[in-house]
>>> print(open('query10.txt').read())   # compact mmCIF, C-alpha atoms
# COMPACT_ATOMS: atom_id res chain seq x y z
CA MET P 1 63.19 -51.38 -3.58
CA LYS P 2 59.60 -51.95 -3.53
CA LYS P 3 58.22 -55.16 -4.48
CA THR P 4 55.34 -54.88 -6.82
CA THR P 5 52.88 -57.60 -6.73
CA THR P 6 50.38 -58.11 -9.33
CA LYS P 7 46.97 -59.20 -8.38
CA SER P 8 45.08 -61.82 -10.11
CA ALA P 9 41.72 -61.11 -11.70
CA THR P 10 39.92 -63.04 -8.98
CA GLN P 11 41.64 -60.98 -6.30
CA VAL P 12 40.63 -57.76 -8.05
CA ALA P 13 37.06 -59.06 -8.43
CA LEU P 14 37.08 -60.06 -4.74
CA GLU P 15 38.23 -56.58 -3.69
CA ILE P 16 35.59 -54.98 -5.88
CA LYS P 17 32.89 -57.20 -4.38
CA ARG P 18 34.19 -56.37 -0.85
CA GLN P 19 34.05 -52.67 -1.69
CA GLU P 20 30.50 -53.03 -3.05
CA LEU P 21 29.48 -54.96 0.07
CA LYS P 22 31.03 -52.26 2.25
CA ASP P 23 29.23 -49.57 0.23
CA ILE P 24 25.94 -51.48 0.55
CA LYS P 25 26.45 -51.86 4.33
CA ASP P 26 27.25 -48.14 4.65
CA ALA P 27 24.19 -47.27 2.58
CA GLY P 28 22.13 -49.65 4.75
CA LYS P 29 23.44 -47.97 7.92
CA ARG P 30 22.62 -44.53 6.52
CA ALA P 31 19.17 -45.75 5.48
CA GLN P 32 18.67 -47.33 8.90
CA SER P 33 19.58 -44.10 10.72
CA GLN P 34 17.33 -42.14 8.33
CA LEU P 35 14.57 -44.70 8.96
CA LYS P 36 14.99 -44.24 12.74
CA LYS P 37 14.74 -40.48 12.29
CA ASP P 38 11.64 -40.85 10.09
CA VAL P 39 10.03 -43.26 12.59
CA ALA P 40 10.77 -40.83 15.46
CA SER P 41 9.30 -37.88 13.58
CA ILE P 42 6.21 -39.92 12.62
CA ARG P 43 5.78 -41.00 16.26
CA ASN P 44 6.06 -37.36 17.33
CA VAL P 45 3.43 -36.33 14.76
CA MET P 46 1.15 -39.17 15.89
CA LYS P 47 1.53 -38.09 19.51
CA THR P 48 0.55 -34.50 18.70
CA LEU P 49 -2.36 -35.75 16.60
CA ARG P 50 -3.59 -37.92 19.50
CA GLU P 51 -3.40 -34.90 21.82
CA ASN P 52 -5.25 -32.82 19.24
CA VAL P 53 -7.96 -35.48 18.98
CA LYS P 54 -8.36 -35.43 22.77
CA SER P 55 -8.54 -31.65 22.87
CA ASP P 56 -10.96 -31.67 19.91
CA LYS P 57 -13.21 -34.07 21.80
CA SER P 58 -13.12 -31.90 24.91
CA ASP P 59 -13.72 -28.81 22.76
CA ASP P 60 -16.68 -30.57 21.13
CA ARG P 61 -18.07 -31.46 24.55
CA PHE P 62 -17.62 -27.87 25.69
CA TYR P 63 -19.24 -26.58 22.50
CA ARG P 64 -22.21 -28.94 22.87
CA LYS P 65 -22.69 -27.87 26.48
CA GLN P 66 -22.50 -24.23 25.42
CA VAL P 67 -25.09 -24.82 22.67
CA ILE P 68 -27.40 -26.56 25.16
CA ARG P 69 -26.98 -23.64 27.59
CA ASP P 70 -27.70 -21.13 24.83
CA ARG P 71 -30.84 -23.03 23.81
CA LYS P 72 -32.06 -23.08 27.41
CA ILE P 73 -31.47 -19.35 27.69
CA GLU P 74 -33.32 -18.72 24.42
CA ARG P 75 -36.25 -20.85 25.56
CA ALA P 76 -36.38 -19.02 28.90
CA ALA P 77 -36.29 -15.66 27.12
CA ALA P 78 -39.08 -16.71 24.76
CA LYS P 79 -41.14 -17.93 27.70
CA ALA P 80 -40.54 -14.66 29.55
CA GLN P 81 -41.61 -12.72 26.45
CA LYS P 82 -44.82 -14.74 26.21
CA VAL P 83 -45.56 -14.14 29.89
CA ALA P 84 -44.83 -10.42 29.51
CA ALA P 85 -47.11 -10.24 26.47
CA ARG P 86 -49.88 -12.01 28.38
CA VAL P 87 -49.47 -9.68 31.36
CA GLU P 88 -49.45 -6.64 29.09
CA LYS P 89 -52.58 -7.84 27.28
CA ARG P 90 -54.31 -8.46 30.60
CA GLY P 91 -53.25 -5.00 31.80
CA LEU P 92 -54.67 -3.42 28.65
CA ARG P 93 -57.95 -5.26 29.19
CA VAL P 94 -58.11 -4.05 32.79
CA LEU P 95 -57.38 -0.47 31.69
CA ALA P 96 -60.08 -0.64 29.03
CA MET P 97 -62.54 -2.07 31.52
CA SER P 98 -61.76 0.63 34.10
CA ALA P 99 -62.06 3.30 31.38
CA ARG P 100 -65.49 1.95 30.44
CA LEU P 101 -66.54 1.91 34.10
CA ASN P 102 -65.30 5.49 34.56
CA GLU P 103 -67.18 6.56 31.44
CA LYS P 104 -70.36 4.91 32.70
CA SER P 105 -70.02 6.50 36.13
CA GLU P 106 -69.46 9.92 34.54
CA LYS P 107 -72.59 9.45 32.42
CA ARG P 108 -74.52 8.45 35.55
CA ALA P 109 -73.25 11.57 37.35
CA VAL P 110 -74.29 13.78 34.42
CA ARG P 111 -77.75 12.16 34.35
CA ALA P 112 -78.08 12.55 38.11
CA THR P 113 -77.15 16.25 37.99
CA ALA P 114 -79.55 16.82 35.09
CA LYS P 115 -82.29 15.05 37.02
CA ALA P 116 -81.52 17.10 40.13
CA ALA P 117 -81.63 20.30 38.07
CA ARG P 118 -84.98 19.32 36.55
CA ILE P 119 -86.38 18.52 39.97
CA ALA P 120 -85.11 21.83 41.33
CA ALA P 121 -86.70 23.73 38.42
CA MET P 122 -90.01 21.94 38.97
CA GLU P 123 -89.89 22.69 42.68
CA GLU P 124 -89.25 26.37 41.92
CA LYS P 125 -92.24 26.41 39.59
CA LEU P 126 -94.36 24.62 42.15
CA GLU P 127 -93.28 27.14 44.78
CA ALA P 128 -94.12 29.98 42.41
CA LEU P 129 -97.55 28.48 41.70
CA LYS P 130 -98.26 28.23 45.39
CA ASN P 131 -97.36 31.90 45.91
CA PRO P 132 -98.39 33.71 42.71
CA VAL P 133 -96.60 37.04 43.03
CA GLY P 134 -95.07 39.08 40.25
CA ILE P 135 -92.76 37.76 37.56
CA LYS P 136 -92.24 34.33 39.19
CA ALA P 137 -95.97 33.60 38.88
CA LYS P 138 -95.97 34.56 35.20
CA LYS P 139 -92.90 32.36 34.54
CA ALA P 140 -94.45 29.47 36.44
CA ALA P 141 -97.56 29.70 34.35
CA LYS P 142 -95.56 29.42 31.11
CA LYS P 143 -94.95 26.18 29.28
CA PRO P 144 -91.90 24.40 30.75
CA SER P 145 -88.73 24.65 28.69
CA LYS P 146 -85.68 22.40 28.60
CA VAL P 147 -83.08 23.16 31.23
CA THR P 148 -79.55 23.62 29.92
CA ILE P 149 -76.85 22.75 32.37
CA ILE P 150 -73.51 24.42 31.95
CA ASN P 151 -71.71 22.78 34.85
CA PRO P 152 -73.48 19.66 36.19
CA MET P 153 -71.69 19.68 39.53
CA ALA P 154 -72.50 23.34 40.14
CA ALA P 155 -76.17 22.73 39.25
CA LEU P 156 -76.29 19.80 41.64
CA GLU P 157 -74.77 21.86 44.41
CA ALA P 158 -77.16 24.71 43.70
CA ALA P 159 -80.13 22.38 43.80
CA MET P 160 -78.95 20.88 47.07
CA SER P 161 -78.37 24.26 48.64
CA LYS P 162 -81.85 25.43 47.60
CA LYS P 163 -83.39 22.30 49.13
CA ALA P 164 -81.57 22.88 52.37
CA ALA P 165 -82.72 26.50 52.52
>>> encode(input="query10.txt", output="structure tokens")
Amino acid sequence: MKKTTTKSATQVALEIKRQELKDIKDAGKRAQSQLKKDVASIRNVMKTLRENVKSDKSDDRFYRKQVIRDRKIERAAAKAQKVAARVEKRGLRVLAMSARLNEKSEKRAVRATAKAARIAAMEEKLEALKNPVGIKAKKAAKKPSKVTIINPMAALEAAMSKKAA
């Protein structure tokens, strides 16, 4: 037969306190392992954040260098545009000047051909006055009229050919 022993109240209280202590230790161990896991995960997060900070700094450096390069390129382009505008303006001035010179030389040529035609007409009249024969003498005796030149170059050539003959 089994012997039943009765426990005293202090023994029961002692066992209860032992059980509570054991429960507290178990809970402490669980909390400690959870704390280790939390610390490890936080360390891992901190490590990735440190790496991100380093990469952010290098990205910032790269971005700043890129911005500086872009500014230099923009400045060079603006400078090139200014130079091109100056060259174009100078070219337009040269074209205008050469156009004016051409216009003046054309006017001079027209005046020269008109003068040559007038001289040729006067020489014809003088020749007719020297030899008064027929219609040429009558025309030479008339009042001189203005000479109209249709083609200045042709009149000049005609006057030159008459002089040579």
>>> closest_atom_pairs(input="query10.txt", of="stretch 34-152 of chain P", to="stretch 24-29 of chain P", cutoff="12 Å", atoms="all atoms listed in the file", output="CSV")
residue,atom,partner,partner_atom,distance
P:Gln34,CA,P:Lys29,CA,8.5
P:Leu35,CA,P:Lys29,CA,9.5
P:Lys36,CA,P:Lys29,CA,10.4
>>> closest_residue(input="query10.txt", among="P:Ala9, P:Leu129, P:Val39, P:Ala159", to="P:Ala116", atoms="only C-alpha atoms")
P:Ala159
>>> atom_distance(input="query10.txt", atom1="atom CA of P:Met153", atom2="atom CA of P:Arg108")
12.2 Å
>>> closest_residue(input="query10.txt", among="P:Ala158, P:Ala31, P:Val45, P:Leu14", to="P:Ile119", atoms="only C-alpha atoms")
P:Ala158
>>> atom_distance(input="query10.txt", atom1="atom CA of P:Asp70", atom2="atom CA of P:Lys89")
28.3 Å
>>> decode(input="query10.txt", residues="stretch 150-164 of chain P", atoms="C-alpha atoms", output="PDB file, in the first residue's frame")
ATOM      1  CA  ILE P 150      19.782 101.575-122.413  1.00  0.00           C
ATOM      2  CA  ASN P 151      22.743  99.352-121.596  1.00  0.00           C
ATOM      3  CA  PRO P 152      25.673 101.231-119.996  1.00  0.00           C
ATOM      4  CA  MET P 153      28.240  98.558-120.786  1.00  0.00           C
ATOM      5  CA  ALA P 154      27.200  98.385-124.441  1.00  0.00           C
ATOM      6  CA  ALA P 155      27.366 102.198-124.713  1.00  0.00           C
ATOM      7  CA  LEU P 156      30.828 102.185-123.182  1.00  0.00           C
ATOM      8  CA  GLU P 157      32.001  99.518-125.584  1.00  0.00           C
ATOM      9  CA  ALA P 158      30.472 101.388-128.504  1.00  0.00           C
ATOM     10  CA  ALA P 159      32.182 104.599-127.470  1.00  0.00           C
ATOM     11  CA  MET P 160      35.503 102.816-127.109  1.00  0.00           C
ATOM     12  CA  SER P 161      35.185 101.124-130.473  1.00  0.00           C
ATOM     13  CA  LYS P 162      34.357 104.447-132.156  1.00  0.00           C
ATOM     14  CA  LYS P 163      37.415 106.052-130.550  1.00  0.00           C
ATOM     15  CA  ALA P 164      39.633 103.265-131.776  1.00  0.00           C
TER      16      ALA P 164
END
